[in-house]
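Student: One file is attached below, protein.csv, containing CSV, C-alpha atoms.
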chain,number,residue,atom,x,y,z
P,1,MET,CA,68.9,48.3,17.8
P,2,LYS,CA,70.1,46.3,20.7
P,3,ARG,CA,66.7,46.7,22.4
P,4,VAL,CA,64.8,45.5,19.3
P,5,ILE,CA,67.0,42.4,19.1
P,6,CYS,CA,66.3,41.7,22.8
P,7,ILE,CA,62.5,42.0,22.3
P,8,MET,CA,62.6,39.7,19.2
P,9,ALA,CA,64.7,37.2,21.1
P,10,ALA,CA,62.2,37.2,24.0
P,11,PHE,CA,59.3,36.7,21.6
P,12,PHE,CA,60.9,33.7,19.9
P,13,LEU,CA,61.7,32.3,23.4
P,14,ILE,CA,58.0,32.5,24.4
P,15,VAL,CA,56.8,30.9,21.2
P,16,SER,CA,59.3,28.0,21.7
P,17,LEU,CA,58.1,27.5,25.2
P,18,PHE,CA,54.4,27.6,24.3
P,19,PRO,CA,54.2,26.2,20.7
P,20,SER,CA,50.4,26.0,20.8
P,21,LEU,CA,50.3,29.9,20.7
P,22,GLY,CA,52.0,29.9,17.3
P,23,PHE,CA,50.7,26.6,16.0
P,24,ALA,CA,46.9,27.1,16.4
P,25,GLN,CA,46.7,29.6,13.5
P,26,GLU,CA,49.3,27.7,11.3
P,27,ASN,CA,47.4,24.4,11.9
P,28,LYS,CA,44.1,26.1,11.0
P,29,SER,CA,45.4,27.5,7.8
P,30,GLN,CA,46.4,23.9,6.7
P,31,LEU,CA,42.9,22.5,7.1
P,32,ALA,CA,40.9,21.1,4.2
P,33,GLU,CA,43.5,22.1,1.6
P,34,ALA,CA,42.4,19.3,-0.8
P,35,ALA,CA,38.6,20.0,-0.4
P,36,LYS,CA,36.4,22.2,-2.6
P,37,SER,CA,34.6,23.4,0.5
P,38,ALA,CA,34.5,22.5,4.2
P,39,ILE,CA,33.3,23.6,7.6
P,40,LEU,CA,33.9,22.6,11.2
P,41,ILE,CA,31.4,23.5,13.9
P,42,GLU,CA,30.7,22.6,17.6
P,43,ARG,CA,27.4,20.9,17.7
P,44,ASP,CA,25.7,22.4,20.8
P,45,THR,CA,26.5,26.0,20.1
P,46,GLY,CA,26.7,25.8,16.3
P,47,ALA,CA,29.9,27.9,16.6
P,48,VAL,CA,32.0,27.8,13.4
P,49,LEU,CA,35.6,26.8,14.2
P,50,TYR,CA,36.8,26.7,10.6
P,51,GLU,CA,35.3,27.2,7.2
P,52,LYS,CA,36.4,27.2,3.5
P,53,ASN,CA,33.9,28.2,0.7
P,54,SER,CA,31.2,27.0,3.1
P,55,HIS,CA,28.3,28.5,1.2
P,56,GLU,CA,29.3,27.3,-2.2
P,57,LYS,CA,26.5,25.3,-3.8
P,58,LEU,CA,27.7,21.8,-4.7
P,59,ALA,CA,26.3,18.4,-5.4
P,60,PRO,CA,26.0,16.6,-1.9
P,61,ALA,CA,25.6,13.1,-3.2
P,62,SER,CA,24.5,10.7,-0.5
P,63,MET,CA,25.0,13.3,2.3
P,64,THR,CA,21.5,14.2,1.1
P,65,LYS,CA,20.4,11.3,3.3
P,66,ILE,CA,21.1,13.4,6.4
P,67,MET,CA,17.9,15.2,5.7
P,68,THR,CA,16.1,12.0,4.9
P,69,MET,CA,17.2,10.5,8.2
P,70,LEU,CA,16.2,13.8,10.0
P,71,LEU,CA,12.6,13.5,8.6
P,72,ILE,CA,12.5,9.8,9.7
P,73,MET,CA,13.6,10.7,13.2
P,74,GLU,CA,11.1,13.5,13.4
P,75,ALA,CA,8.3,11.3,12.2
P,76,LEU,CA,9.2,8.8,14.9
P,77,GLU,CA,9.2,11.4,17.6
P,78,LYS,CA,5.8,12.7,16.6
P,79,GLY,CA,4.4,9.2,16.6
P,80,GLN,CA,3.6,9.3,12.8
P,81,ILE,CA,5.5,6.1,12.4
P,82,LYS,CA,6.9,3.5,14.8
P,83,TRP,CA,10.1,1.5,14.9
P,84,ASP,CA,8.4,-1.8,14.2
P,85,ASP,CA,6.1,-0.6,11.4
P,86,GLU,CA,6.4,-2.7,8.3
P,87,VAL,CA,7.5,-0.7,5.3
P,88,ARG,CA,6.6,-2.2,1.9
P,89,THR,CA,8.9,-1.7,-1.0
P,90,SER,CA,7.4,-0.4,-4.2
P,91,GLU,CA,8.6,-1.4,-7.7
P,92,TYR,CA,10.0,2.2,-8.0
P,93,ALA,CA,11.9,2.0,-4.7
P,94,ALA,CA,13.3,-1.4,-5.7
P,95,SER,CA,14.6,0.1,-9.0
P,96,MET,CA,17.0,2.5,-7.5
P,97,GLY,CA,20.6,2.1,-8.6
P,98,GLY,CA,23.8,2.9,-6.7
P,99,SER,CA,24.2,1.9,-3.1
P,100,GLN,CA,21.4,-0.4,-2.1
P,101,ILE,CA,20.3,-3.3,0.1
P,102,PHE,CA,18.7,-5.0,-2.9
P,103,LEU,CA,15.1,-4.8,-1.8
P,104,GLU,CA,12.6,-6.7,-3.9
P,105,PRO,CA,9.3,-5.3,-5.1
P,106,GLY,CA,6.8,-6.1,-2.4
P,107,GLU,CA,9.4,-6.9,0.2
P,108,SER,CA,8.8,-5.5,3.7
P,109,MET,CA,11.2,-4.4,6.4
P,110,THR,CA,10.6,-2.6,9.6
P,111,VAL,CA,11.4,1.1,10.0
P,112,LYS,CA,14.4,0.1,12.1
P,113,GLU,CA,15.7,-2.2,9.5
P,114,MET,CA,15.2,0.4,6.7
P,115,LEU,CA,17.1,3.0,8.8
P,116,THR,CA,19.9,0.6,9.4
P,117,GLY,CA,20.3,0.1,5.7
P,118,ILE,CA,20.3,3.9,5.1
P,119,ALA,CA,22.6,4.9,7.9
P,120,ILE,CA,25.2,2.1,7.5
P,121,GLY,CA,24.9,1.0,3.8
P,122,SER,CA,23.7,4.3,2.3
P,123,ALA,CA,20.8,2.4,0.7
P,124,ASN,CA,19.0,4.3,-2.0
P,125,ASP,CA,16.2,1.7,-2.3
P,126,ALA,CA,15.5,2.0,1.5
P,127,SER,CA,15.6,5.8,1.3
P,128,VAL,CA,12.9,5.9,-1.3
P,129,ALA,CA,10.8,3.2,0.4
P,130,MET,CA,10.9,5.3,3.6
P,131,ALA,CA,10.0,8.4,1.7
P,132,GLU,CA,7.0,6.8,0.2
P,133,HIS,CA,6.0,5.3,3.6
P,134,ILE,CA,6.1,8.7,5.4
P,135,ALA,CA,4.8,11.0,2.7
P,136,GLY,CA,2.9,8.8,0.2
P,137,SER,CA,5.3,9.5,-2.7
P,138,GLU,CA,8.9,10.4,-3.3
P,139,GLU,CA,7.7,13.8,-4.7
P,140,ALA,CA,5.7,14.6,-1.5
P,141,PHE,CA,8.7,13.6,0.6
P,142,VAL,CA,11.0,15.9,-1.4
P,143,GLY,CA,8.6,18.7,-0.7
P,144,LYS,CA,8.9,18.0,3.0
P,145,MET,CA,12.7,18.0,2.7
P,146,ASN,CA,12.8,21.4,1.1
P,147,LYS,CA,10.2,22.8,3.5
P,148,ARG,CA,12.3,21.5,6.5
P,149,ALA,CA,15.5,23.0,5.0
P,150,GLU,CA,13.6,26.4,4.8
P,151,GLU,CA,12.5,26.1,8.4
P,152,ILE,CA,16.1,25.5,9.5
P,153,GLY,CA,17.1,28.6,7.6
P,154,LEU,CA,19.2,27.0,4.9
P,155,LYS,CA,19.8,29.3,1.9
P,156,ASP,CA,22.1,27.1,-0.2
P,157,THR,CA,20.1,23.9,-0.4
P,158,GLN,CA,17.5,22.4,-2.9
P,159,PHE,CA,16.6,18.8,-3.0
P,160,GLN,CA,15.2,16.8,-6.0
P,161,ASN,CA,15.3,13.3,-4.3
P,162,PRO,CA,15.9,11.7,-0.9
P,163,THR,CA,19.0,9.7,-2.1
P,164,GLY,CA,21.5,12.2,-3.5
P,165,LEU,CA,21.5,10.4,-6.9
P,166,PRO,CA,22.6,13.0,-9.6
P,167,ALA,CA,19.7,15.4,-10.6
P,168,LYS,CA,19.5,18.8,-12.0
P,169,ASP,CA,19.2,21.6,-9.4
P,170,HIS,CA,20.0,19.2,-6.5
P,171,TYR,CA,22.6,21.0,-4.4
P,172,SER,CA,23.7,22.0,-0.9
P,173,SER,CA,26.7,23.5,0.9
P,174,ALA,CA,29.1,22.7,3.7
P,175,HIS,CA,27.4,25.2,5.9
P,176,ASP,CA,23.9,23.8,5.2
P,177,MET,CA,25.0,20.2,5.7
P,178,SER,CA,26.5,21.1,9.1
P,179,MET,CA,23.2,22.7,10.1
P,180,MET,CA,21.2,19.6,9.0
P,181,ALA,CA,23.6,17.4,10.9
P,182,LYS,CA,23.2,19.6,14.0
P,183,GLU,CA,19.4,19.1,13.8
P,184,LEU,CA,19.8,15.3,13.3
P,185,LEU,CA,22.1,15.0,16.3
P,186,LYS,CA,19.3,16.2,18.5
P,187,TYR,CA,18.2,12.6,18.4
P,188,ASN,CA,20.6,10.5,20.5
P,189,GLU,CA,19.3,7.3,18.9
P,190,ILE,CA,20.7,8.2,15.4
P,191,THR,CA,24.3,7.6,16.3
P,192,LYS,CA,23.4,4.0,17.3
P,193,PHE,CA,22.8,3.5,13.6
P,194,THR,CA,25.4,5.8,12.0
P,195,GLY,CA,28.1,4.8,14.5
P,196,THR,CA,27.7,1.1,13.8
P,197,TYR,CA,30.6,-0.3,11.6
P,198,GLU,CA,28.9,-3.5,10.5
P,199,SER,CA,25.6,-5.2,10.8
P,200,TYR,CA,23.2,-7.6,9.0
P,201,LEU,CA,19.8,-7.5,7.4
P,202,ARG,CA,17.5,-10.5,6.7
P,203,GLU,CA,19.7,-12.2,9.3
P,204,ASN,CA,17.4,-15.3,9.8
P,205,THR,CA,16.9,-15.9,6.1
P,206,GLU,CA,18.7,-17.4,3.2
P,207,ASN,CA,19.3,-13.9,1.9
P,208,LYS,CA,21.4,-12.7,4.9
P,209,PHE,CA,22.9,-9.3,3.9
P,210,TRP,CA,26.1,-7.9,5.4
P,211,LEU,CA,26.3,-4.2,5.9
P,212,VAL,CA,29.7,-2.4,6.3
P,213,ASN,CA,29.6,1.4,7.1
P,214,THR,CA,30.7,3.6,4.2
P,215,ASN,CA,32.2,5.9,6.8
P,216,LYS,CA,35.5,4.2,7.7
P,217,LEU,CA,36.3,6.8,10.4
P,218,VAL,CA,33.7,5.1,12.6
P,219,ARG,CA,36.2,2.3,13.0
P,220,PHE,CA,39.5,4.2,12.7
P,221,TYR,CA,39.0,7.5,14.6
P,222,ASP,CA,38.2,7.4,18.3
P,223,GLY,CA,34.9,9.1,19.0
P,224,VAL,CA,33.5,9.2,15.4
P,225,ASP,CA,29.9,7.9,15.4
P,226,GLY,CA,28.5,9.3,12.1
P,227,LEU,CA,27.1,10.7,10.0
P,228,LYS,CA,27.1,10.2,6.2
P,229,THR,CA,29.5,9.8,3.3
P,230,GLY,CA,28.8,10.7,-0.3
P,231,PHE,CA,30.2,10.0,-3.8
P,232,THR,CA,29.2,10.6,-7.4
P,233,ASN,CA,31.4,11.5,-10.4
P,234,GLU,CA,30.2,15.1,-10.1
P,235,ALA,CA,30.4,15.5,-6.3
P,236,LYS,CA,33.6,13.5,-5.9
P,237,TYR,CA,34.2,12.2,-2.3
P,238,CYS,CA,32.2,14.0,0.4
P,239,LEU,CA,31.7,13.4,4.2
P,240,THR,CA,29.7,14.9,7.0
P,241,ALA,CA,31.4,13.4,10.1
P,242,THR,CA,30.6,13.9,13.8
P,243,ALA,CA,32.8,12.9,16.8
P,244,LYS,CA,32.4,13.2,20.5
P,245,LYS,CA,35.2,13.3,23.1
P,246,GLY,CA,34.5,14.0,26.7
P,247,ASN,CA,31.7,16.7,26.8
P,248,MET,CA,32.3,18.1,23.3
P,249,ARG,CA,30.7,17.0,20.0
P,250,VAL,CA,31.9,18.5,16.7
P,251,ILE,CA,30.7,18.2,13.1
P,252,ALA,CA,33.1,18.3,10.2
P,253,VAL,CA,32.0,18.6,6.5
P,254,VAL,CA,34.1,18.1,3.4
P,255,PHE,CA,33.0,18.4,-0.2
P,256,GLY,CA,34.9,17.5,-3.3
P,257,ALA,CA,37.9,15.5,-2.2
P,258,SER,CA,39.6,13.5,-5.0
P,259,THR,CA,39.9,10.2,-3.1
P,260,PRO,CA,38.3,8.6,0.0
P,261,LYS,CA,41.7,8.6,1.6
P,262,GLU,CA,42.1,12.3,1.0
P,263,ARG,CA,38.5,12.9,2.3
P,264,ASN,CA,39.2,11.0,5.5
P,265,SER,CA,42.5,12.7,6.0
P,266,GLU,CA,41.0,16.2,5.7
P,267,VAL,CA,38.2,15.4,8.2
P,268,THR,CA,40.7,13.8,10.6
P,269,LYS,CA,42.8,17.0,10.6
P,270,MET,CA,39.7,19.1,11.3
P,271,LEU,CA,38.6,16.9,14.2
P,272,ASP,CA,42.1,16.9,15.7
P,273,TYR,CA,42.1,20.7,15.5
P,274,ALA,CA,38.8,21.0,17.3
P,275,PHE,CA,39.6,18.7,20.1
P,276,ASN,CA,43.1,20.1,20.6
P,277,GLN,CA,42.0,23.7,20.7
P,278,TYR,CA,38.5,23.8,22.3
P,279,GLN,CA,36.4,22.6,25.1
P,280,THR,CA,32.8,22.7,26.1
P,281,LYS,CA,31.0,23.1,29.4
P,282,PRO,CA,27.6,21.3,29.4
P,283,MET,CA,24.7,23.3,30.8
P,284,PHE,CA,21.5,21.2,30.0
P,285,LYS,CA,20.6,18.0,28.3
P,286,LYS,CA,17.9,17.8,25.7
P,287,GLY,CA,14.5,17.6,27.4
P,288,ASP,CA,15.5,19.4,30.6
P,289,PRO,CA,12.5,21.4,32.1
P,290,LEU,CA,13.3,25.1,32.6
P,291,SER,CA,9.9,26.7,33.3
P,292,GLN,CA,6.2,26.5,32.7
P,293,VAL,CA,4.2,28.6,30.3
P,294,LYS,CA,0.6,29.8,30.7
P,295,VAL,CA,-1.8,28.4,28.0
P,296,SER,CA,-5.2,30.1,27.4
P,297,LYS,CA,-8.2,28.1,26.4
P,298,GLY,CA,-6.4,24.7,26.9
P,299,GLN,CA,-7.4,21.6,28.7
P,300,GLU,CA,-4.4,22.3,30.9
P,301,SER,CA,-3.6,25.9,32.0
P,302,LYS,CA,0.2,25.4,31.7
P,303,VAL,CA,2.7,23.5,29.6
P,304,GLN,CA,6.3,22.7,30.6
P,305,ALA,CA,9.0,24.4,28.6
P,306,ILE,CA,11.9,22.1,27.9
P,307,THR,CA,15.2,22.3,26.1
P,308,ASP,CA,15.1,21.3,22.4
P,309,GLU,CA,18.7,20.2,22.3
P,310,PRO,CA,21.8,19.7,24.4
P,311,ILE,CA,23.1,23.1,25.7
P,312,SER,CA,26.8,23.8,26.2
P,313,ILE,CA,29.2,26.7,26.3
P,314,LEU,CA,32.2,26.6,24.0
P,315,SER,CA,35.6,28.1,24.9
P,316,LYS,CA,39.3,27.9,24.0
P,317,LYS,CA,41.2,25.5,26.2
P,318,GLY,CA,42.4,27.3,29.3
P,319,GLU,CA,39.8,30.1,29.0
P,320,LYS,CA,37.8,30.8,32.2
P,321,LEU,CA,34.0,30.7,32.3
P,322,ASP,CA,33.3,32.5,35.5
P,323,LYS,CA,30.7,35.0,34.4
P,324,VAL,CA,28.0,32.9,32.8
P,325,GLU,CA,24.4,34.1,32.8
P,326,GLN,CA,21.2,32.5,31.5
P,327,LYS,CA,17.9,34.2,30.6
P,328,VAL,CA,14.6,32.4,29.8
P,329,THR,CA,12.0,34.3,27.8
P,330,LEU,CA,8.6,32.6,27.6
P,331,SER,CA,6.0,33.1,24.9
P,332,LYS,CA,3.1,35.4,25.8
P,333,ASP,CA,-0.5,34.9,24.8
P,334,LEU,CA,0.0,31.2,24.1
P,335,LYS,CA,-3.3,29.6,23.0
P,336,ALA,CA,-4.3,26.0,22.7
P,337,PRO,CA,-4.0,23.7,20.8
P,338,ILE,CA,-0.3,23.2,21.3
P,339,LYS,CA,1.7,20.3,19.8
P,340,LYS,CA,4.6,18.6,21.6
P,341,GLY,CA,7.7,20.3,20.3
P,342,ASP,CA,6.1,23.6,19.5
P,343,LYS,CA,8.3,26.6,20.4
P,344,VAL,CA,7.2,28.2,23.6
P,345,GLY,CA,10.2,30.2,24.7
P,346,THR,CA,13.9,31.0,24.2
P,347,LEU,CA,17.0,30.4,26.3
P,348,VAL,CA,19.9,32.8,26.0
P,349,ILE,CA,23.3,32.1,27.5
P,350,LYS,CA,25.9,34.9,28.0
P,351,ASN,CA,29.5,34.8,29.0
P,352,ASN,CA,31.1,38.0,30.3
P,353,GLY,CA,28.1,39.9,29.0
P,354,LYS,CA,28.4,38.5,25.4
P,355,LYS,CA,25.7,36.3,24.0
P,356,VAL,CA,27.2,32.9,23.2
P,357,LEU,CA,24.1,30.8,22.6
P,358,GLU,CA,20.4,31.1,21.8
P,359,SER,CA,18.2,28.1,21.7
P,360,ASP,CA,14.4,27.4,21.5
P,361,LEU,CA,12.4,26.0,24.4
P,362,VAL,CA,9.6,23.7,23.3
P,363,ALA,CA,6.4,22.2,24.7
P,364,LYS,CA,6.9,18.9,26.6
P,365,GLN,CA,3.5,17.6,25.6
P,366,ASP,CA,0.3,18.3,23.6
P,367,VAL,CA,-2.3,20.7,25.0
P,368,SER,CA,-5.7,20.3,23.5
P,369,GLU,CA,-8.3,23.0,23.3
P,370,ALA,CA,-10.7,23.0,26.2
P,371,SER,CA,-14.4,22.3,25.5
P,372,TRP,CA,-16.9,25.1,26.0
P,373,TRP,CA,-18.1,23.3,29.1
P,374,GLN,CA,-14.6,23.3,30.6
P,375,LEU,CA,-14.2,27.0,29.8
P,376,TYR,CA,-17.7,27.7,31.3
P,377,LYS,CA,-16.8,25.9,34.6
P,378,ARG,CA,-13.4,27.6,34.7
P,379,SER,CA,-15.0,31.0,34.3
P,380,PHE,CA,-17.8,30.2,36.7
P,381,GLY,CA,-15.2,29.2,39.2
P,382,MET,CA,-13.4,32.6,38.7
P,383,PHE,CA,-16.7,34.5,39.3
P,384,SER,CA,-17.3,32.4,42.5
P,385,LYS,CA,-13.9,33.4,43.8
P,386,VAL,CA,-14.5,37.0,43.1
P,387,GLY,CA,-17.9,36.8,44.8
P,388,ASN,CA,-16.3,35.4,48.0
Show me this structure written as C-alpha cells.

Tutor:
Amino acid sequence: MKRVICIMAAFFLIVSLFPSLGFAQENKSQLAEAAKSAILIERDTGAVLYEKNSHEKLAPASMTKIMTMLLIMEALEKGQIKWDDEVRTSEYAASMGGSQIFLEPGESMTVKEMLTGIAIGSANDASVAMAEHIAGSEEAFVGKMNKRAEEIGLKDTQFQNPTGLPAKDHYSSAHDMSMMAKELLKYNEITKFTGTYESYLRENTENKFWLVNTNKLVRFYDGVDGLKTGFTNEAKYCLTATAKKGNMRVIAVVFGASTPKERNSEVTKMLDYAFNQYQTKPMFKKGDPLSQVKVSKGQESKVQAITDEPISILSKKGEKLDKVEQKVTLSKDLKAPIKKGDKVGTLVIKNNGKKVLESDLVAKQDVSEASWWQLYKRSFGMFSKVGN
C-alpha cells in the first residue's frame, strides 16, 4: 500500500512540474463545444489535429465561396482570365440578395475588384458575376464547382449555387471545407484579399463603397488572414479560418455556432491549441523543381516536375525529426500534349520509416505535341547515331 501511495505521489509531482503533459488532452476535449461540427488541420500535411462530427452534411452558407474563389484562382493561373479583365454584371447577378456590393445591371468591375468584394464583403452579386464570366452561366459554373469537389475527393459536398444562399441539396461538411481551404491556400495571393480587414470599391467615384471583412479574427487574432465566414438562419454562424505563425499554417472550421462571438471563440481556442502543441518543419515551397520527366512525342523531350503546394513535416513540439526521408516517383510513358499543372509524379516524405506526407508533382509548363516533321528529324538523328 505504501508503495502504491509513493508511485501516485510521484505521478502527481510529474504532472504538476509539466502541466502540458496533462493539459493537452484536457484542452483538446474542450474544443468546439458549442459547434455542431468542427475540424482543425495543418495546411501543408493535411493532418487532422482535432475533429467533431467532421463529416456531417450541413448548410455551409457563404463558406461556399471558398470553392468559388478556388475556381477563380485556378482560372487566373491557367490564363483563362486576367486580373484586369472587365467583368460585366448581368441583371441576374445584380438581383442577388444578402451580402452584396450593390452592383448595377451592366456595371463592370475588374476581376481583382470582384474578388475583393467576394473575399472581404462576401458579395453574392460579385460571386454570380464571376461565375457567369468564367463559365458562361451560373449553372455551368456550379457544374465546375461539383466537378472540382469530386476531383479533390470530397464525399460530403454538393453545390447548387456559387454564393451559399439557401437552396435544397446544397451542403458540405467541416472536413470537406478544410480540404477546399487547403486547395485554395496553394495560391499565396488569396490571403492578400481574405486577410485584408477593410478596403474600398469604386474609390474614385461618387459611389465609393466601404468594405469591412466579415471575418473579425483578421483584425483580432494575430496571424489570421482568411478565409470565409458564413451565416443563414439554417446554417447559423460558420467560419473557415486560417492562421500562420512562424512556419506553420493551420485551418480551423466551425459549423453551426449560435452567435458570431461564440463562433470566433471556438475558432480561437482551436488555433491556440494548434500553435501551442505542434510545429512544422518546411521542406519545399510551392513550385520548387525536384526532377525532370521524359515526354514522348513532345516538342520538348522533358518537362520539369515541380511541387504543387508547400511541403512541410508536422510534429509535436519537442519531437525530434532526425530520420526524415523523401522519395520522388515520376510518371512513366508520359505523352504530349501536357498542360501546365498536370500531375507528372509523386513526392512521399517519411519520418522514422512512417509515411507522413504524399503530394503530387506537376508539370512546370505546357508541352505541345511534336509535328510529324520534328518526329521524323528526331528519328533520323537517332538512326544516324546508330550508323556511326

Student: Could you name the residues that touch Glu151 (chain P) at 12 Å or less, counting only C-alpha atoms, but leaving out those on the same chain fewer than 6 positions away, as a count of residues only?

Tutor: 6

Student: One decimal, in Å: what's the spacing between CA of Ala181 (chain P) and CA of Glu139 (chain P)?

Tutor: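 CA of Ala181 (chain P) sits 22.6 Å away from CA of Glu139 (chain P).
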
Student: Could you check how far CA of Ser127 (chain P) sits from CA of Ser178 (chain P), in Å to one decimal?

Tutor: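 Between CA of Ser127 (chain P) and CA of Ser178 (chain P) the gap is 20.3 Å.
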
Student: Which one is closest to Tyr237 (chain P): P:Ala336, P:Ala257, P:Ala252, P:Ala135? Count all atoms listed in the file.

Tutor: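 Result for the nearest residue to Tyr237 (chain P): P:Ala257.
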
Student: List every residue of region 266-337 of chain P that has an atom at most 10 Å from any atom of region 221-229 of chain P, giving for each one its closest atom pair and the distance in Å to one decimal, counting only C-alpha atoms, sorted by chain and then by ascending residue number, as a Markdown table.

Tutor:
| residue | atom | partner | partner_atom | distance |
| --- | --- | --- | --- | --- |
| P:Thr268 | CA | P:Tyr221 | CA | 7.7 |
| P:Leu271 | CA | P:Val224 | CA | 9.3 |
| P:Asp272 | CA | P:Tyr221 | CA | 10.0 |
